[in-house]
Amino acid sequence: MSAASTNDFVIKLANVNGTGSASANGLLMKAIFRMGVPVVGKNVFPSNIQGLPTWYEIRVTGDGYRGRSGDVHIMVAMNAETYEQDLAELSPGGFLIYDNTWPRPHFLSRKDVTVLGVPLARMCNEAFKVARSRILMKNMAYVGVIAALLDLDLHVLHGLVRDMFASKAKLIDLNMQAIALGFDYAKENFSCPLCFRVEPMDKTKGKVMIDGNTAAGLGCVYAGATFGAWYPITPSTSLMDGFAKYCAQLRVDEDTGKHKYCIIQAEDELAAAGMVIGASWNGARAFTPTSGPGISLMSEFIGFAYYAEIPFVLFDIQRVGPSTGMPTRTQQCDIQLCAYASHGDTRHILLFPADPGECFEMAVQAHDLAERFQTPVFVLSDIDIGMNDWMVDELSWDDSYQPDRGKVLSAEQLEKIEKFHRYLDVDGDHIPYRTLPGVHPKGAYFTRGSGHNKWGGYTEDGQEYKELVDRLRLKWASSADHVPAPVIIKSEKKTNCAILSLGSCDGAVVEARDRLEAKGLPLNYMRVRGFPFCSEVENFIQNHEQVYVVEQNRDAQLLNLLLAETRVKRKKLLSVLHYSGEPLDYRFVFDEILKASEMRKSA
Amino acid sequence: MSAASTNDFVIKLANVNGTGSASANGLLMKAIFRMGVPVVGKNVFPSNIQGLPTWYEIRVTGDGYRGRSGDVHIMVAMNAETYEQDLAELSPGGFLIYDNTWPRPHFLSRKDVTVLGVPLARMCNEAFKVARSRILMKNMAYVGVIAALLDLDLHVLHGLVRDMFASKAKLIDLNMQAIALGFDYAKENFSCPLCFRVEPMDKTKGKVMIDGNTAAGLGCVYAGATFGAWYPITPSTSLMDGFAKYCAQLRVDEDTGKHKYCIIQAEDELAAAGMVIGASWNGARAFTPTSGPGISLMSEFIGFAYYAEIPFVLFDIQRVGPSTGMPTRTQQCDIQLCAYASHGDTRHILLFPADPGECFEMAVQAHDLAERFQTPVFVLSDIDIGMNDWMVDELSWDDSYQPDRGKVLSAEQLEKIEKFHRYLDVDGDHIPYRTLPGVHPKGAYFTRGSGHNKWGGYTEDGQEYKELVDRLRLKWASSADHVPAPVIIKSEKKTNCAILSLGSCDGAVVEARDRLEAKGLPLNYMRVRGFPFCSEVENFIQNHEQVYVVEQNRDAQLLNLLLAETRVKRKKLLSVLHYSGEPLDYRFVFDEILKASEMRKSA
Amino acid sequence: MTSFVKPRIRRKNQPVNELGLTRADYEGAMSTLCAGCGHDSVTASMARAFFRLSIEPHRAVKVSGIGCSSKTTAYFLRESHGNNTVHGRMPSVATGAAAANSSLTYIGVSGDGDSLSIGLGQFVHAMRRNVNMLYVLENNGVYGLTKGQFSASADIGSLAKKGAPNEQPPIDPVSLALSVGATFVARGFSGDREQLVPLIEAGLKHKGFGLIDVISPCVSFNDHKGSTKSYAHTYKYYHKSVHADFVPPSKDIKVKYDEGEMMPVELHDGGVIRLRKLERGFDPRDRAAATMALAKAQQNKEILTGLIHIDESHPDMHELNRMEERPLNEIPYAELNPGAAKLAELQKNFR
Amino acid sequence: MTSFVKPRIRRKNQPVNELGLTRADYEGAMSTLCAGCGHDSVTASMARAFFRLSIEPHRAVKVSGIGCSSKTTAYFLRESHGNNTVHGRMPSVATGAAAANSSLTYIGVSGDGDSLSIGLGQFVHAMRRNVNMLYVLENNGVYGLTKGQFSASADIGSLAKKGAPNEQPPIDPVSLALSVGATFVARGFSGDREQLVPLIEAGLKHKGFGLIDVISPCVSFNDHKGSTKSYAHTYKYYHKSVHADFVPPSKDIKVKYDEGEMMPVELHDGGVIRLRKLERGFDPRDRAAATMALAKAQQNKEILTGLIHIDESHPDMHELNRMEERPLNEIPYAELNPGAAKLAELQKNFR
Ligand SMILES: Cc1ncc(C[n+]2csc(CCOP(=O)(O)OP(=O)(O)O)c2C)c(N)n1
Ligand SMILES: Cc1ncc(C[n+]2csc(CCOP(=O)(O)OP(=O)(O)O)c2C)c(N)n1
Ligand code: SF4
Ligand code: SF4
Ligand SMILES: [Mg+2]
Ligand SMILES: [Mg+2]
């Protein structure tokens, strides 16, 4: 299975959290990236601060695939707690690197892997004086070991160290020294490089490594959002951190120190929702990032915004549910909840980014759609996209972009009209005009979550009520043609089978599909990017006999939405469900579809 | 349309709320009931305390139908604010009664109805001294008028007045006097009785008039519930009022005054949910009544109870959504929300009572199911069932009933086993054993909403996580055979068409079905009473070509559930949706199905 | 039916304010509350204060939760924007709205159920943030709209209409506000417009969060004998402690005060609140003193009213967040968009 | 991975309590908190108090919310039931649990984020109901588990790890508790076990809601210079005001006290809390006095610790609800079921 390979293998680093390993591991990944070789990085961390197992997986993927493979060729086992499990996970023919300051003879239990011991602790204890450095530098030392073993470019590594510690020059030497320690040890004691090695390529030009939350935060800046409120929750916190960082950088008046934005850490998710609704209602572009528990708590306010027609942008960075679940593991498990969140008849607009690039774009689109349709819009990301660094095309911006603020009447417009009615469908597009407080006396109206008629008045009349909610339903339906269109990849071979998927499944699905085709099973592929589904989604399914719906939850939530919202036949749809909390790997998709298609053939 | 009729017509009383009309109207209805004639009563009231329009509709239904008809034959128009609308609603040939102390000549605008003016205010002002009495007695006076017009039994009325004021004897005479005022006036001035009249029957023996909330509260008493927590919200408040009343009556030690129950008015719905979960977890039967907004707010806790496997009984007395909506109007609009409430993969047990009798029964079943399956159970009632008095079979009780407390280990059982594991599927029925705090040291375990494995330990391991949530899904599915079975009514004629409905639609559906059959359109009928759907539900649909799904919401929520949770074909299902907030009437169902079936024929 | 619109009648010689508007211009839809409800009097006082301050109606924003009290935002200032949100969560909507546009005047109306039970957290945190708004808590000790359950402000021993006594200690919004550092804390009574109107004026002009706890009896469910939030009980134990006059910036206020008797507090816009001590020996500008005075009054079962605490020194939410003067919703997109070139530059860190 | 179970080692001659249990019997799973975290010390103090009170572990119930602090219920009393609920909502679960079975001992563990932001409403209302439980608020001024955001208890001027100062007034759980009528209000410090253990014992024995605000530094995110919840800062401004000793009912307590120096408070079960004033002139039995002492200490920037207020006279939730002694979960169904005949009788009213 694990034959020798250049630019196509997986390194996994098993650490204890709180020991500074994450930045060393990131550095390693970035070094490979700077050598022009595509990489996929996944950080799997525990829900605590210090002392529990954490893993970082780097896939070197010369082919440019964007998902996990499911293999591990090189394991750096720095956590005694998980030695056993880490050893077991290694593919045959792989290498295990560990700190043999304290030798572990039982590593010899597997004959099909090579164990490389490095006295990391001993070397660092000898080389460094401060206790904290000794711990931190062990990480850099193994980076040095790997650099030697994989034939990494030391200049690149050094450049990265310099960038990293640009503001703390003292640390540059220290880190360089640690890298050298490991590098030299490996050179002396092992035959470098291994059969797995990195060779410079030219495939990362025009690309960046960025995580989805940072990209989404940046997207909100470009969207012109000026207000954000949130309550801290893993894994959404870094989205607001990103927004805050760029605002501090780009939106503070140099002379006065005054801000052109406002960020509020709310007392809980209900309050965060209320604040965003208040700001949006008052004409600022506003948003809140959260995760599943936050959506549950915001449910009442979501229904209010839906019914009172107030723009409301939410980012749900999904994590494993139900309840607190596994807060640092990934899933796509809030799809159904978000589609229909809140009591009563409610339905919402959802966007499904597949990578940080789309997080950036869809952050902008979400604001446009929320204001155009005057309603909640959910961007459904997840931990995998949100918190891992992904290699994506450099983010780009069209300077001619102007926000779509939707149908807001200006003072001049109000001056001209005879009487303003908040909920009247003047244009026949199901979208009424709105006004902002303070703009003009004629614009004043009363917003309420209780029964109201098209004139904006209070009502308990059944027909008036119906007229209004019927329009809401039509308005929602009409957004189908405005959400991002699905991405379709057609096989060059004729086939009546297809995959339908969404969001962070994309990388694994694309790769599985290629490999299935190579195996003689050609498949078309549609990735949905928005809800309500446009007619293309339904047509795509209708045009196939068998559609594998790949998603990351237990209950086939996307499939259920397809059943409820399109006229497709149930028996066409076959679920491929992954919900263990690890980012999806192509092998899983490959195996499941192969199995299913073989069963189908034999049936 | 409105030919003469004995025991088959509708009286509607238009009043201003806060004037004491509701009890007078109830008295009127009960008088007819006591005369042995079946009645249907609907109280439509505004969301305020005093001064807004309110209507009370009494259908006299010798045939025993249980829904509204859609007609109004006699209108008692006591509210000047709504005169116009009330007049318009009257069926041709009908009668309008109003207070002609201040004559309203424009009532003459309709030639096809008869207007009967009674100087109610004048008579009462002359007869009574106290200002408050003058207002209240006007109501009793029009009851007297109607008694004369409909030929009601005065003895029965007097008996009711005596029962009503048993504790305030002084008021009996006053009320009798007011009734006589109206009665005598009518006798003198109109030719009594009208063509619409009541004739004694024998059809209410063994029946009672009770509202669903009171019945459900009483059901909780019989279920052995000892703890209830709630936050006041229309229309669920009277459920807790009922429970409290019967507890005060039945569960207070006569000697010590000590209570065998605890009721807490929580600070909000989140707290109410937490309290019920805490009490249930600790072994008391507990419940909370609420309405849509409450369910939204409880969402996070619902997922916690689902995942930590804690019994949790909720009554959702549905009202018109979204948001605050129309809090005093009826809908079945929380079906989908309750089925999948909370973030992550969650699915729940739902019960759908159709009348107060079933509210009583299902209150008991809900507690049994919640403890048997260790999970949230929702009883989905609505305003129509919950707050209107319905004629139902006298509630009955089987004294041999024993609560199903589910798989709870006693101290003796714990003593015997070696080690207790909270989430282990020992019996292969997907239901683990649970223990109660304080019972035995061996029973101690740690409950959490975060990742846990079958041993009850904390986990972040994907496989351990999956094993547990897979069992949860199976457990939920297995409850399908334990929720109340659907009720099926087969036509004696052969037909491949059917109606599928639920809850408070039943009365109107049964009647519409009879009348459709009379029109040559025979239909079978299934009323679902529980979710998850048992196989009978799916089979029923499979055995028909066309199934009309009648429900009271905009978005066809029941139909969507059927699509997601069964393998039925979409094109078999046709929605009949009523969502104006008024209780369903048979005419609507009749017309919609007839129209659809004609379209089908012509297609 | 649709909402009731009060007919607009203009009489000759009626008083006008600096904007030339009449009192009627500050009215709203017809109230649907019970006849005699305290809340209607508070509504009238609010309308009067806006009139006297000559605030353009459309430059005011009214926010509320759910309850009879919360409905009243529809019954005054017809020409301003209202937002009748969800139960107990008005403070957060107000916070967001205020953040988006600091140039408007914000008034929140709530009830004791809305603020002290379901909304307690938001209520406290809005005070903590010192959001620039006036918050009028119409306190009747009861849930009016849901027909008479005790609220968290019901006093121990207070009898329900059905006769059951409350036995849980009340949450006093004024003590609570002092304990979490609110910067303007007052108490009034719906039945005393003379005291209430200037308090509302002062609260509207205070830069930061102003709380006025207004005792506002519910005639339908909590005005009987034995209720401690009835008209009768309030009149009996009512204790005016500090009278506040609001003097707008235009007026000459260079009057001399005897220290301890008259305490002028200068507001950010130049207006002045003139505090006149009526009896008790404390200085409302000192939070600890106010806390102690309140504790003593509680021991004596007195209802302390007036402006109980004011602190003009603490920055409001906008200042704390260093926001520029211009409302967020008026900053043109061109100023917010960093542009394509900047995006390329920023991404240098991502290589 | 599954949770870590601490190896159970029995040493010879180790002290045992009245039940014959050792200290180890009061321990729990291995902590997964950061080395040096204040919460671990609090955990040890709680275990110690349970040991000293000789409470059978399985007769104790531990409830918590979400946060590093809330996790600690897994790290003591292995043999008692724990319920790690959702963020900020533990008080309601505790209330329901306590209602169902009054015969167990309830301890709630929470953090400043859990209690003062998302959970503020529930926290206050549990105090108001006087639920019979001890509530330990492990206060570090920061959200530990979500990595270092300021919490609502962060003091004005306190610096974040990244250097930004907090500018919002802190919510002090002790002032808040006093303002809403809590019946047992104390403050301790994770670094002072000598003071903390008796406070926990007294709180567990108090009939009603006991609050202990424990300053418990977060070494990972809030123990740097400039933080006012650091070890260094706490030691510096720490002011022991009243020392509380708990004397169990069995011990002879007929000692004489000099009034004003030693203040015995008799508990419902016959135990006694001996309060020893250390300096300041106030009587913790008087709520107004306690409120004033606290207000003064705040002005002096002192951290007042010890048992700040106690009131044994107010009925707890069970008494208020007139519940019988027997736990609800032990009343046999036969006593709860009115039976068929009664049902028929009740329905006479429905005809
Ligand atoms: C989430 C939610 N829960 C409950 C209600 C029902 N409800 C409406 S008003 C109210 C209480 C209002 O009391 P208060 O704020 O004191 O207002 P008042 O009517 O006394 O002026 C309640 C519980 C609701 N509207 N929303
Ligand atoms: C509904 C919800 N929102 C947010 C979170 C994320 N969260 C977990 S712990 C925590 C704060 C904990 O702070 P604190 O209570 O002070 O505990 P500490 O970690 O400081 O001991 C937050 C915001 C969550 N778990 N649930
Ligand atoms: S019920 Fe009470 S609070 Fe509500 S309007 Fe009537 S008097 Fe006012
Ligand atoms: S992050 Fe802070 S509070 Fe959490 S365990 Fe570490 S030191 Fe303790
Ligand atoms: Mg109230
Ligand atoms: Mg904390």
# chains A, B, ... in the order shown; residues from 1 in each chain; ligands from 1
>>> closest_atom_pairs(of="chain C", to="ligand 1", cutoff="6 Å", atoms="only C-alpha atoms and all ligand atoms", output="JSON lines")
{"residue": "C:Ile66", "atom": "CA", "partner": "ligand 1", "partner_atom_place_in_ligand_line": "9 (S)", "distance": 4.8}
{"residue": "C:Gly67", "atom": "CA", "partner": "ligand 1", "partner_atom_place_in_ligand_line": "9 (S)", "distance": 3.5}
{"residue": "C:Cys68", "atom": "CA", "partner": "ligand 1", "partner_atom_place_in_ligand_line": "19 (O)", "distance": 3.7}
{"residue": "C:Ser69", "atom": "CA", "partner": "ligand 1", "partner_atom_place_in_ligand_line": "21 (O)", "distance": 3.7}
{"residue": "C:His87", "atom": "CA", "partner": "ligand 1", "partner_atom_place_in_ligand_line": "26 (N)", "distance": 4.8}
{"residue": "C:Ser110", "atom": "CA", "partner": "ligand 1", "partner_atom_place_in_ligand_line": "15 (O)", "distance": 6.0}
{"residue": "C:Gly111", "atom": "CA", "partner": "ligand 1", "partner_atom_place_in_ligand_line": "15 (O)", "distance": 3.4}
{"residue": "C:Asp112", "atom": "CA", "partner": "ligand 1", "partner_atom_place_in_ligand_line": "16 (O)", "distance": 4.0}
{"residue": "C:Gly113", "atom": "CA", "partner": "ligand 1", "partner_atom_place_in_ligand_line": "16 (O)", "distance": 3.5}
{"residue": "C:Asp114", "atom": "CA", "partner": "ligand 1", "partner_atom_place_in_ligand_line": "15 (O)", "distance": 3.6}
{"residue": "C:Asn140", "atom": "CA", "partner": "ligand 1", "partner_atom_place_in_ligand_line": "20 (O)", "distance": 6.0}
{"residue": "C:Val142", "atom": "CA", "partner": "ligand 1", "partner_atom_place_in_ligand_line": "20 (O)", "distance": 5.1}
{"residue": "C:Tyr143", "atom": "CA", "partner": "ligand 1", "partner_atom_place_in_ligand_line": "13 (O)", "distance": 3.6}
{"residue": "C:Gly144", "atom": "CA", "partner": "ligand 1", "partner_atom_place_in_ligand_line": "19 (O)", "distance": 3.4}
{"residue": "C:Leu145", "atom": "CA", "partner": "ligand 1", "partner_atom_place_in_ligand_line": "19 (O)", "distance": 4.0}
{"residue": "C:Thr146", "atom": "CA", "partner": "ligand 1", "partner_atom_place_in_ligand_line": "10 (C)", "distance": 5.5}
>>> write_last_selection(atoms="all heavy atoms", output="short mmCIF file (atom, residue, chain, number, x, y, z; two decimals), in the first residue's frame")
data_model
loop_
_atom_site.label_atom_id
_atom_site.label_comp_id
_atom_site.auth_asym_id
_atom_site.auth_seq_id
_atom_site.Cartn_x
_atom_site.Cartn_y
_atom_site.Cartn_z
N ILE C 66 -42.52 42.05 25.13
CA ILE C 66 -43.90 41.58 25.01
C ILE C 66 -44.57 41.71 26.37
O ILE C 66 -43.99 41.37 27.39
CB ILE C 66 -43.96 40.12 24.52
CG1 ILE C 66 -43.26 39.93 23.17
CG2 ILE C 66 -45.41 39.63 24.44
CD1 ILE C 66 -44.02 40.43 21.96
N GLY C 67 -45.79 42.18 26.36
CA GLY C 67 -46.56 42.38 27.58
C GLY C 67 -47.48 43.58 27.33
O GLY C 67 -47.34 44.26 26.31
N CYS C 68 -48.40 43.83 28.24
CA CYS C 68 -49.26 45.01 28.08
C CYS C 68 -48.39 46.25 28.01
O CYS C 68 -48.57 47.12 27.16
CB CYS C 68 -50.22 45.12 29.26
SG CYS C 68 -51.39 43.75 29.36
N SER C 69 -47.42 46.36 28.92
CA SER C 69 -46.50 47.49 28.96
C SER C 69 -45.78 47.64 27.62
O SER C 69 -45.65 48.74 27.08
CB SER C 69 -45.48 47.27 30.07
OG SER C 69 -45.19 45.89 30.23
N HIS C 87 -40.25 38.52 23.69
CA HIS C 87 -40.39 38.66 25.14
C HIS C 87 -39.03 38.65 25.85
O HIS C 87 -38.27 37.69 25.76
CB HIS C 87 -41.25 37.50 25.63
CG HIS C 87 -41.75 37.65 27.04
ND1 HIS C 87 -41.97 38.86 27.64
CD2 HIS C 87 -42.09 36.72 27.96
CE1 HIS C 87 -42.42 38.66 28.87
NE2 HIS C 87 -42.50 37.38 29.09
N SER C 110 -40.74 48.41 28.81
CA SER C 110 -40.81 47.01 29.19
C SER C 110 -41.66 46.87 30.44
O SER C 110 -42.09 47.86 31.03
CB SER C 110 -39.38 46.51 29.45
OG SER C 110 -39.38 45.18 29.89
N GLY C 111 -41.90 45.62 30.82
CA GLY C 111 -42.65 45.34 32.04
C GLY C 111 -41.77 44.61 33.03
O GLY C 111 -40.63 44.25 32.74
N ASP C 112 -42.31 44.36 34.20
CA ASP C 112 -41.54 43.66 35.22
C ASP C 112 -41.34 42.19 34.84
O ASP C 112 -40.30 41.60 35.13
CB ASP C 112 -42.20 43.79 36.59
CG ASP C 112 -43.71 43.64 36.54
OD1 ASP C 112 -44.31 43.86 35.48
OD2 ASP C 112 -44.29 43.26 37.56
N GLY C 113 -42.32 41.61 34.16
CA GLY C 113 -42.14 40.24 33.69
C GLY C 113 -41.08 40.21 32.61
O GLY C 113 -40.12 39.44 32.64
N ASP C 114 -41.23 41.09 31.67
CA ASP C 114 -40.33 41.17 30.53
C ASP C 114 -38.88 41.44 30.96
O ASP C 114 -37.95 40.87 30.40
CB ASP C 114 -40.83 42.32 29.64
CG ASP C 114 -40.33 42.27 28.22
OD1 ASP C 114 -40.64 41.28 27.54
OD2 ASP C 114 -39.63 43.20 27.80
N ASN C 140 -45.73 46.53 37.57
CA ASN C 140 -47.02 46.33 38.24
C ASN C 140 -47.05 45.06 39.09
O ASN C 140 -48.10 44.65 39.59
CB ASN C 140 -48.18 46.33 37.22
CG ASN C 140 -47.94 45.31 36.11
OD1 ASN C 140 -47.08 44.44 36.24
ND2 ASN C 140 -48.70 45.42 35.03
N VAL C 142 -46.89 42.06 38.32
CA VAL C 142 -47.76 41.00 37.82
C VAL C 142 -47.54 40.84 36.31
O VAL C 142 -47.01 41.73 35.66
CB VAL C 142 -49.23 41.38 38.16
CG1 VAL C 142 -49.80 42.36 37.15
CG2 VAL C 142 -50.11 40.18 38.31
N TYR C 143 -47.91 39.68 35.80
CA TYR C 143 -47.94 39.48 34.36
C TYR C 143 -49.34 39.87 33.90
O TYR C 143 -50.28 39.10 34.07
CB TYR C 143 -47.72 38.01 34.00
CG TYR C 143 -46.31 37.51 34.17
CD1 TYR C 143 -45.35 38.22 34.87
CD2 TYR C 143 -45.92 36.29 33.60
CE1 TYR C 143 -44.07 37.75 35.02
CE2 TYR C 143 -44.64 35.81 33.74
CZ TYR C 143 -43.71 36.54 34.45
OH TYR C 143 -42.44 36.07 34.58
N GLY C 144 -49.47 41.08 33.35
CA GLY C 144 -50.80 41.50 32.93
C GLY C 144 -51.31 40.69 31.76
O GLY C 144 -52.34 40.02 31.86
N LEU C 145 -50.55 40.68 30.69
CA LEU C 145 -51.06 40.11 29.44
C LEU C 145 -51.40 38.62 29.55
O LEU C 145 -52.29 38.14 28.86
CB LEU C 145 -50.04 40.35 28.31
CG LEU C 145 -50.52 40.05 26.89
CD1 LEU C 145 -51.80 40.77 26.54
CD2 LEU C 145 -49.43 40.42 25.88
N THR C 146 -50.68 37.89 30.40
CA THR C 146 -51.03 36.47 30.55
C THR C 146 -51.96 36.25 31.74
O THR C 146 -52.09 35.14 32.24
CB THR C 146 -49.79 35.58 30.65
OG1 THR C 146 -48.95 36.08 31.69
CG2 THR C 146 -49.02 35.57 29.34
#
>>> residues_around(residues="Lys236 in chain D", least_positions_apart="3", cutoff="12 Å", atoms="only C-alpha atoms", output="list in words")
Thr228, Lys229, Ser230, Tyr231, Ala232, His233, His239, Lys240, Lys301, Glu302, Ile303 and Leu304 of chain D
>>> write_last_selection(atoms="N, CA, C and O atoms", output="compact mmCIF listing (two decimals), in the first residue's frame")
# COMPACT_ATOMS: atom_id res chain seq x y z
N THR D 228 -6.60 41.70 37.13
CA THR D 228 -7.05 41.84 38.52
C THR D 228 -7.62 40.54 39.06
O THR D 228 -8.17 40.51 40.16
N LYS D 229 -7.54 39.47 38.28
CA LYS D 229 -7.94 38.18 38.82
C LYS D 229 -6.74 37.23 38.83
O LYS D 229 -6.89 36.01 38.76
N SER D 230 -5.56 37.76 38.90
CA SER D 230 -4.34 36.93 38.95
C SER D 230 -4.06 36.54 40.40
O SER D 230 -4.61 37.13 41.33
N TYR D 231 -3.20 35.58 40.56
CA TYR D 231 -2.78 35.21 41.92
C TYR D 231 -2.18 36.43 42.63
O TYR D 231 -2.53 36.77 43.75
N ALA D 232 -1.27 37.11 41.93
CA ALA D 232 -0.55 38.21 42.56
C ALA D 232 -1.51 39.30 43.03
O ALA D 232 -1.46 39.77 44.17
N HIS D 233 -2.42 39.69 42.14
CA HIS D 233 -3.33 40.77 42.48
C HIS D 233 -4.25 40.37 43.63
O HIS D 233 -4.54 41.16 44.54
N HIS D 239 -8.78 40.70 51.38
CA HIS D 239 -9.09 41.20 52.71
C HIS D 239 -10.01 40.22 53.41
O HIS D 239 -11.18 40.09 53.07
N LYS D 240 -9.46 39.50 54.39
CA LYS D 240 -10.31 38.57 55.12
C LYS D 240 -11.14 39.37 56.10
O LYS D 240 -10.60 40.07 56.95
N LYS D 301 -11.23 49.50 46.83
CA LYS D 301 -10.62 48.49 45.96
C LYS D 301 -10.15 47.25 46.72
O LYS D 301 -9.21 46.57 46.31
N GLU D 302 -10.79 46.99 47.84
CA GLU D 302 -10.44 45.79 48.58
C GLU D 302 -11.31 44.61 48.15
O GLU D 302 -12.47 44.80 47.79
N ILE D 303 -10.74 43.42 48.23
CA ILE D 303 -11.53 42.22 47.95
C ILE D 303 -11.97 41.64 49.29
O ILE D 303 -11.19 41.02 50.00
N LEU D 304 -13.20 41.90 49.62
CA LEU D 304 -13.75 41.45 50.90
C LEU D 304 -14.03 39.96 50.82
O LEU D 304 -14.74 39.52 49.93
>>> closest_atom_pairs(of="chain D", to="chain A", cutoff="7 Å", atoms="only C-alpha atoms", output="tab-separated table")
residue	atom	partner	partner_atom	distance
D:Thr32	CA	A:Gly51	CA	6.5
D:Leu33	CA	A:Gln50	CA	6.5
D:Cys34	CA	A:Gln50	CA	5.2
D:Ser117	CA	A:Glu267	CA	4.5
D:Ile118	CA	A:Asp268	CA	4.7
D:Leu145	CA	A:Asn48	CA	6.3
D:Thr146	CA	A:Ile233	CA	6.5
>>> write_last_selection(atoms="N, CA, C and O atoms", output="JSON list (two decimals), in the first residue's frame")
[["chain", "number", "residue", "atom", "x", "y", "z"],
["D", 32, "THR", "N", -8.30, 17.34, 33.82],
["D", 32, "THR", "CA", -7.69, 17.66, 32.52],
["D", 32, "THR", "C", -7.49, 19.17, 32.37],
["D", 32, "THR", "O", -7.37, 19.68, 31.27],
["D", 33, "LEU", "N", -7.48, 19.85, 33.50],
["D", 33, "LEU", "CA", -7.25, 21.30, 33.45],
["D", 33, "LEU", "C", -5.76, 21.60, 33.34],
["D", 33, "LEU", "O", -4.92, 20.71, 33.51],
["D", 34, "CYS", "N", -5.44, 22.85, 33.10],
["D", 34, "CYS", "CA", -4.03, 23.25, 32.99],
["D", 34, "CYS", "C", -3.35, 23.12, 34.36],
["D", 34, "CYS", "O", -3.97, 23.40, 35.39],
["D", 117, "SER", "N", -22.91, 35.79, 32.55],
["D", 117, "SER", "CA", -23.35, 36.23, 31.22],
["D", 117, "SER", "C", -24.55, 35.39, 30.81],
["D", 117, "SER", "O", -25.66, 35.71, 31.19],
["D", 118, "ILE", "N", -24.30, 34.31, 30.14],
["D", 118, "ILE", "CA", -25.40, 33.51, 29.61],
["D", 118, "ILE", "C", -26.34, 33.03, 30.71],
["D", 118, "ILE", "O", -27.54, 32.90, 30.51],
["D", 145, "LEU", "N", -12.29, 28.20, 28.85],
["D", 145, "LEU", "CA", -12.42, 27.14, 27.85],
["D", 145, "LEU", "C", -12.46, 27.67, 26.41],
["D", 145, "LEU", "O", -12.02, 26.99, 25.49],
["D", 146, "THR", "N", -12.98, 28.86, 26.23],
["D", 146, "THR", "CA", -12.97, 29.40, 24.87],
["D", 146, "THR", "C", -11.78, 30.33, 24.63],
["D", 146, "THR", "O", -11.77, 31.12, 23.70]]
>>> residues_around(residues="range 310-313 of chain C", least_positions_apart="2", cutoff="6 Å", atoms="only C-alpha atoms", output="PyMOL selection string")
chain C and resi 183-184+285
>>> closest_residue(among="D:Leu204, D:Val197, D:Val214, D:Leu77", to="ligand 2", atoms="only C-alpha atoms and all ligand atoms")
D:Val214
>>> select_by_dssp(residues="range 182-418 of chain A", states="helix (DSSP H, G or I)", output="PyMOL selection string")
chain A and resi 182-189+212-223+237-250+269-281+292-308+335-340+356-373+383-387+411-416
>>> closest_residue(among="A:Cys220, A:Ala14, A:Leu160, A:Ala77", to="Glu57 in chain A", atoms="only C-alpha atoms")
A:Ala14
>>> residues_around(residues="Phe221 in chain D", least_positions_apart="4", cutoff="7 Å", atoms="only C-alpha atoms", output="list in words")
Gly144, Lys147, Gly148 and Lys161 of chain D
